[in-house]
>>> print(open('final-v8.txt').read())   # compact mmCIF, C-alpha atoms and all ligand atoms
# COMPACT_ATOMS: atom_id res chain seq x y z
CA MET B 21 11.79 92.59 -21.67
CA ALA B 22 12.23 96.05 -23.19
CA SER B 23 15.47 98.01 -23.12
CA ILE B 24 15.47 101.57 -21.76
CA TYR B 25 17.36 102.55 -24.92
CA GLN B 26 14.15 101.97 -26.89
CA LYS B 27 12.46 104.64 -24.76
CA ALA B 28 14.81 107.60 -25.01
CA ASP B 29 12.18 110.01 -23.60
CA ILE B 30 12.07 108.01 -20.37
CA TYR B 31 15.89 107.62 -20.30
CA ASP B 32 16.21 111.40 -20.46
CA LEU B 33 13.76 112.13 -17.62
CA LEU B 34 16.62 112.24 -15.10
CA GLU B 35 18.62 114.74 -17.17
CA ASP B 36 18.51 118.35 -16.01
CA ARG B 37 20.48 121.59 -16.37
CA GLU B 38 22.49 120.79 -13.21
CA HIS B 39 23.86 117.59 -14.84
CA ILE B 40 24.69 119.47 -18.04
CA GLU B 41 26.67 122.08 -16.08
CA ILE B 42 28.58 119.33 -14.23
CA TYR B 43 29.43 117.63 -17.55
CA LYS B 44 30.70 120.94 -18.90
CA LYS B 45 33.00 121.25 -15.88
CA HIS B 46 34.03 117.61 -16.38
CA TRP B 47 35.10 118.24 -19.98
CA ALA B 48 36.74 121.56 -19.16
CA ALA B 49 38.88 119.85 -16.48
CA LEU B 50 39.70 116.85 -18.63
CA LEU B 51 40.37 118.41 -22.03
CA LYS B 52 42.30 121.46 -20.82
CA ASP B 53 45.38 122.16 -23.00
CA LYS B 54 44.97 118.94 -25.01
CA GLY B 55 44.14 120.62 -28.31
CA ILE B 56 40.97 118.60 -28.89
CA HIS B 57 38.80 120.07 -31.64
CA SER B 58 37.10 116.96 -33.06
CA PHE B 59 35.42 114.38 -30.82
CA LEU B 60 33.66 111.11 -31.63
CA ASP B 61 31.49 109.33 -29.05
CA VAL B 62 30.79 105.73 -30.14
CA SER B 63 27.98 105.30 -27.55
CA ILE B 64 26.55 108.80 -27.66
CA GLY B 65 23.01 107.72 -26.78
CA SER B 66 20.78 110.76 -26.37
CA GLY B 67 23.90 112.90 -25.95
CA SER B 68 23.53 113.63 -22.22
CA VAL B 69 27.27 113.51 -21.50
CA THR B 70 28.56 114.61 -24.92
CA LEU B 71 26.27 117.43 -26.08
CA PRO B 72 27.80 119.85 -23.53
CA LEU B 73 31.00 119.56 -25.60
CA ALA B 74 29.21 121.06 -28.59
CA GLU B 75 28.27 123.94 -26.29
CA MET B 76 32.04 124.34 -25.77
CA ARG B 77 32.57 124.70 -29.55
CA ILE B 78 34.08 121.24 -30.08
CA GLU B 79 33.03 119.48 -33.30
CA VAL B 80 31.08 116.48 -31.96
CA SER B 81 30.20 113.33 -33.93
CA GLY B 82 28.45 110.30 -32.53
CA SER B 83 27.26 106.79 -33.14
CA ASP B 84 25.11 104.40 -31.15
CA LEU B 85 23.29 101.09 -31.56
CA SER B 86 19.92 102.58 -30.68
CA GLU B 87 18.03 104.52 -33.35
CA GLU B 88 15.69 105.88 -30.67
CA MET B 89 18.56 107.31 -28.60
CA LEU B 90 20.14 108.81 -31.73
CA GLU B 91 16.83 110.40 -32.76
CA LYS B 92 16.59 111.99 -29.31
CA CYS B 93 20.19 113.23 -29.56
CA LYS B 94 19.51 114.67 -33.03
CA GLY B 95 16.45 116.55 -31.73
CA LYS B 96 18.37 118.01 -28.79
CA ALA B 97 21.28 119.03 -31.05
CA GLN B 98 18.93 120.67 -33.57
CA ASN B 99 17.10 122.57 -30.83
CA ALA B 100 20.43 123.91 -29.59
CA GLY B 101 21.58 124.78 -33.12
CA TYR B 102 24.45 122.25 -33.29
CA ASN B 103 25.35 120.56 -36.54
CA MET B 104 26.30 117.00 -35.59
CA ASN B 105 27.22 113.96 -37.63
CA LEU B 106 25.31 110.98 -36.14
CA LYS B 107 25.32 107.37 -37.32
CA CYS B 108 23.70 104.14 -36.16
CA SER B 109 26.49 101.66 -35.46
CA ASP B 110 27.69 98.98 -33.06
CA PHE B 111 30.95 100.06 -31.41
CA ARG B 112 32.40 96.62 -32.18
CA ASP B 113 32.38 97.57 -35.88
CA LEU B 114 33.02 101.25 -36.51
CA SER B 115 33.54 100.93 -40.28
CA CYS B 116 30.81 103.57 -40.75
CA TRP B 117 33.50 106.12 -39.74
CA GLU B 118 36.15 104.73 -42.11
CA GLY B 119 38.33 107.44 -43.64
CA LYS B 120 37.81 109.80 -40.69
CA GLU B 121 40.10 110.52 -37.74
CA PHE B 122 39.36 112.43 -34.56
CA ASP B 123 41.38 114.20 -31.88
CA CYS B 124 39.48 112.16 -29.31
CA VAL B 125 37.43 108.97 -29.63
CA ALA B 126 35.25 108.19 -26.63
CA SER B 127 32.74 105.79 -25.20
CA THR B 128 30.71 107.67 -22.62
CA GLY B 129 28.12 106.63 -20.07
CA ASN B 130 29.27 103.19 -18.87
CA SER B 131 28.39 101.72 -22.27
CA LEU B 132 31.27 99.31 -23.01
CA PRO B 133 30.15 96.83 -20.28
CA HIS B 134 27.01 96.17 -22.35
CA VAL B 135 29.15 93.70 -24.34
CA GLN B 136 31.28 90.78 -23.18
CA ASN B 137 34.89 91.53 -22.17
CA THR B 138 36.35 89.99 -25.37
CA ASP B 139 34.12 92.34 -27.39
CA VAL B 140 35.23 95.32 -25.28
CA LEU B 141 38.78 94.60 -26.49
CA LYS B 142 37.51 94.62 -30.11
CA ALA B 143 35.69 97.88 -29.48
CA LEU B 144 38.88 99.46 -28.12
CA GLU B 145 40.74 98.38 -31.28
CA GLN B 146 37.98 99.87 -33.43
CA MET B 147 38.05 103.11 -31.46
CA ASP B 148 41.85 103.27 -31.67
CA SER B 149 41.71 102.98 -35.48
CA LEU B 150 39.89 106.34 -35.55
CA VAL B 151 42.20 108.26 -33.18
CA LYS B 152 44.72 110.66 -34.79
CA ASP B 153 48.40 110.31 -33.87
CA ASN B 154 48.91 112.21 -30.62
CA GLY B 155 45.16 112.08 -30.10
CA TYR B 156 43.24 110.60 -27.17
CA LEU B 157 41.01 107.69 -26.31
CA TYR B 158 38.48 108.28 -23.54
CA LEU B 159 36.01 106.14 -21.66
CA ASP B 160 34.00 106.42 -18.48
CA MET B 161 32.28 103.72 -16.53
CA ARG B 162 31.06 102.55 -13.19
CA ASN B 163 33.61 101.02 -10.83
CA TRP B 164 32.65 97.39 -11.44
CA GLU B 165 35.27 96.14 -8.99
CA LYS B 166 33.48 98.09 -6.23
CA ILE B 167 30.07 96.89 -7.43
CA LEU B 168 31.13 93.22 -7.29
CA HIS B 169 32.70 93.79 -3.88
CA ASP B 170 29.71 95.62 -2.32
CA ARG B 171 26.97 93.58 -4.01
CA ASN B 172 24.27 96.16 -3.28
CA ARG B 173 20.91 95.34 -4.85
CA PHE B 174 18.49 98.24 -4.39
CA PHE B 175 18.85 101.80 -5.65
CA LEU B 176 16.17 104.41 -5.07
CA TYR B 177 16.32 107.65 -7.05
CA ASN B 178 14.90 110.99 -6.01
CA PRO B 179 11.59 111.68 -7.76
CA VAL B 180 11.39 113.93 -10.80
CA PHE B 181 8.37 116.18 -11.35
CA ILE B 182 6.92 116.87 -14.79
CA GLY B 183 4.11 119.34 -14.21
CA GLU B 184 1.79 117.53 -11.78
CA ASP B 185 3.22 114.10 -12.55
CA ARG B 186 5.75 112.53 -10.23
CA VAL B 187 8.20 110.01 -11.70
CA ASN B 188 10.00 107.48 -9.46
CA LEU B 189 12.82 105.17 -10.46
CA ILE B 190 13.94 102.08 -8.58
CA GLN B 191 16.79 99.90 -9.79
CA VAL B 192 17.29 96.31 -8.63
CA TRP B 193 20.56 94.66 -9.59
CA ASP B 194 20.85 90.88 -10.04
CA TYR B 195 24.27 89.23 -9.72
CA HIS B 196 24.65 86.07 -11.81
CA ALA B 197 26.96 83.10 -11.28
CA ASP B 198 28.90 83.88 -14.49
CA ASP B 199 29.65 87.41 -13.15
CA SER B 200 27.26 89.07 -15.60
CA MET B 201 24.59 91.31 -14.10
CA THR B 202 21.06 92.41 -14.85
CA PHE B 203 19.94 95.91 -13.95
CA ASN B 204 16.13 95.94 -13.52
CA LEU B 205 14.70 99.43 -13.90
CA LEU B 206 11.20 100.14 -12.63
CA TYR B 207 9.65 103.53 -13.34
CA THR B 208 6.33 104.56 -11.84
CA PHE B 209 4.39 107.65 -12.90
CA GLU B 210 1.99 109.13 -10.33
CA LYS B 211 -0.66 111.84 -10.35
CA ASN B 212 -2.87 112.66 -7.32
CA ASN B 213 -1.29 109.78 -5.35
CA GLN B 214 -2.28 107.25 -8.01
CA ILE B 215 0.18 105.31 -10.15
CA PHE B 216 -1.11 105.66 -13.71
CA GLN B 217 1.85 104.19 -15.62
CA LYS B 218 4.59 101.62 -14.94
CA GLU B 219 7.56 100.94 -17.18
CA GLU B 220 9.98 98.05 -16.65
CA PHE B 221 13.33 97.60 -18.38
CA GLU B 222 16.18 95.12 -18.14
CA GLU B 223 19.80 95.76 -19.10
CA THR B 224 22.57 93.16 -19.09
CA TYR B 225 26.09 94.16 -18.08
CA TYR B 226 29.43 92.36 -18.17
CA PRO B 227 31.61 93.91 -15.43
CA ILE B 228 35.00 95.17 -16.56
CA LYS B 229 38.19 95.33 -14.51
CA ARG B 230 40.26 98.46 -15.01
CA GLY B 231 43.43 96.35 -15.46
CA MET B 232 42.00 94.80 -18.63
CA ILE B 233 41.43 98.23 -20.20
CA ILE B 234 44.83 99.56 -19.16
CA ASP B 235 46.68 96.48 -20.51
CA LYS B 236 44.83 96.81 -23.82
CA LEU B 237 45.55 100.52 -24.11
CA LYS B 238 49.25 99.87 -23.44
CA SER B 239 49.31 97.12 -26.08
CA LEU B 240 47.75 99.56 -28.56
CA GLY B 241 50.59 102.01 -27.87
CA TYR B 242 48.87 104.44 -25.50
CA THR B 243 50.92 106.31 -22.91
CA GLU B 244 49.92 108.85 -20.30
CA ILE B 245 46.99 106.67 -19.24
CA ASN B 246 45.19 108.71 -16.61
CA ILE B 247 42.41 107.48 -14.37
CA GLN B 248 40.26 110.20 -12.84
CA CYS B 249 37.01 110.49 -11.00
CA PHE B 250 33.95 110.83 -13.22
CA PRO B 251 33.03 113.67 -13.40
CA ALA B 252 36.67 114.80 -13.50
CA CYS B 253 35.88 118.14 -11.81
CA PHE B 254 35.63 116.15 -8.54
CA SER B 255 38.72 114.84 -6.81
CA MET B 256 39.53 111.14 -7.09
CA PRO B 257 39.22 109.17 -3.85
CA GLU B 258 41.08 105.84 -3.42
CA PHE B 259 40.08 103.61 -6.34
CA GLU B 260 38.21 101.21 -4.01
CA ARG B 261 35.83 104.04 -3.07
CA VAL B 262 35.16 105.75 -6.40
CA GLU B 263 31.70 105.01 -7.85
CA TRP B 264 32.42 105.98 -11.43
CA TYR B 265 35.71 106.79 -13.15
CA CYS B 266 37.10 107.85 -16.49
CA ILE B 267 40.24 106.95 -18.39
CA MET B 268 41.96 109.32 -20.79
CA ALA B 269 44.96 107.96 -22.70
CA LYS B 270 47.28 109.54 -25.24
CA LYS B 271 48.23 107.81 -28.51
CA HIS B 272 51.84 108.08 -29.67
C1 LIG O 301 23.84 104.19 -20.43
S1 LIG O 301 23.63 104.66 -22.10
C2 LIG O 301 24.79 105.99 -22.25
C3 LIG O 301 24.38 106.96 -23.31
C4 LIG O 301 25.18 108.26 -23.31
N1 LIG O 301 26.57 108.04 -23.57
C5 LIG O 301 25.01 108.95 -21.98
O1 LIG O 301 25.94 109.00 -21.22
O2 LIG O 301 23.90 109.39 -21.71
C6 LIG O 301 24.39 103.35 -22.97
C7 LIG O 301 24.36 103.53 -24.47
O3 LIG O 301 25.16 102.50 -25.08
C8 LIG O 301 24.52 102.12 -26.28
N2 LIG O 301 25.03 100.79 -26.66
C9 LIG O 301 24.87 99.61 -26.02
N3 LIG O 301 25.51 98.63 -26.68
C10 LIG O 301 26.11 99.21 -27.75
C11 LIG O 301 26.92 98.73 -28.81
N4 LIG O 301 27.25 97.44 -28.89
N5 LIG O 301 27.37 99.61 -29.74
C12 LIG O 301 27.03 100.93 -29.67
N6 LIG O 301 26.25 101.45 -28.69
C13 LIG O 301 25.79 100.59 -27.73
C14 LIG O 301 23.04 102.13 -25.92
O4 LIG O 301 22.22 102.15 -27.07
C15 LIG O 301 22.97 103.40 -25.07
O5 LIG O 301 22.67 104.54 -25.86
>>> encode(input="final-v8.txt", output="structure tokens")
Amino acid sequence: MASIYQKADIYDLLEDREHIEIYKKHWAALLKDKGIHSFLDVSIGSGSVTLPLAEMRIEVSGSDLSEEMLEKCKGKAQNAGYNMNLKCSDFRDLSCWEGKEFDCVASTGNSLPHVQNTDVLKALEQMDSLVKDNGYLYLDMRNWEKILHDRNRFFLYNPVFIGEDRVNLIQVWDYHADDSMTFNLLYTFEKNNQIFQKEEFEETYYPIKRGMIIDKLKSLGYTEINIQCFPACFSMPEFERVEWYCIMAKKH
């Protein structure tokens, strides 16, 4: 089964100016007074969450496993006139960035749970090796503890219109005995009440508990570990109710 990350054009269909403005507010709230000028996203994808930072005059670099997503990101950056350093790399081995250090190293977009928990710990070590002293490590992800508690299966998205074509997305989530999950993504494309294209994708996830990340960050010497709602411009409800959160931690 194909991965959505091989079809960056379809992945980006749900992106719009409203999301970009929310991400700008997210970064403005989160990075305020932290002196962050250089930012590396190790799962930058097509840049949906991170490109707004370039709009805020932060020097953005990025890597990702998917060439297709990176190509899309490069196109969007070029169109906007941003000069970005992009590399194809697995976040479990970030040696492609050796010799560089950043004010903030991030994994955006719920990307770390694509690998098993033991590999997430390796990825955090790799990310840490690229953070300057007094710099920050950032990640955002879905609240997997809530997902495993609620065990919802069906997610219907509002349609998107591209000219006369209507695009619908349905997600169906499978919960496996070993606690891994499969997200099934079904896109249908309609014109004149006829479906003329269907696209199916499958993504595997390995749910992460926030305690595992916090313990690892502490063992790597991070302090001021803050958990906020994602996007951070919204207030954080009780953890049990938040759908998606971010962690920002300072390295000493
Ligand atoms: C849900 S997308 C998020 C993309 C982007 N950060 C955003 O928010 O739009 C997940 C991204 O993680 C990337 N990814 C998955 N496994 C990876 C790995 N082991 N190393 C680096 N990137 C990975 C995928 O290629 C994809 O671009």
>>> residues_near_ligand(input="final-v8.txt", ligand="ligand LIG 301 (chain O)", cutoff="6 Å", atoms="all atoms listed in the file", output="list in words")
Tyr25, Ser63, Ile64, Gly65, Ser66, Gly67, Ser68, Val69, Asp84, Leu85, Ser86, Met89, Ser109, Asp110, Phe111, Thr128, Gly129, Asn130, Ser131 and His134 of chain B
>>> atom_distance(input="final-v8.txt", atom1="atom CA of B:Val187", atom2="atom CA of B:Tyr207")
6.8 Å
>>> atom_distance(input="final-v8.txt", atom1="atom CA of B:Pro72", atom2="atom CA of B:Glu41")
7.9 Å
>>> atom_distance(input="final-v8.txt", atom1="atom CA of B:Phe59", atom2="atom CA of B:Lys92")
19.0 Å
>>> residues_around(input="final-v8.txt", residues="stretch 140-145 of chain B", least_positions_apart="2", cutoff="6 Å", atoms="all atoms listed in the file", output="PDB file with C-alpha atoms, keeping the file's coordinate frame")
ATOM      1  CA  PHE B 111      30.950 100.060 -31.410  1.00  0.00           C
ATOM      2  CA  ARG B 112      32.400  96.620 -32.180  1.00  0.00           C
ATOM      3  CA  ASN B 137      34.890  91.530 -22.170  1.00  0.00           C
ATOM      4  CA  THR B 138      36.350  89.990 -25.370  1.00  0.00           C
ATOM      5  CA  MET B 147      38.050 103.110 -31.460  1.00  0.00           C
ATOM      6  CA  ASP B 148      41.850 103.270 -31.670  1.00  0.00           C
TER       7      ASP B 148
END
>>> residues_around(input="final-v8.txt", residues="B:Asp199", least_positions_apart="5", cutoff="10 Å", atoms="all atoms listed in the file", output="list in words")
Leu168, Asp194, Tyr225, Tyr226 and Pro227 of chain B
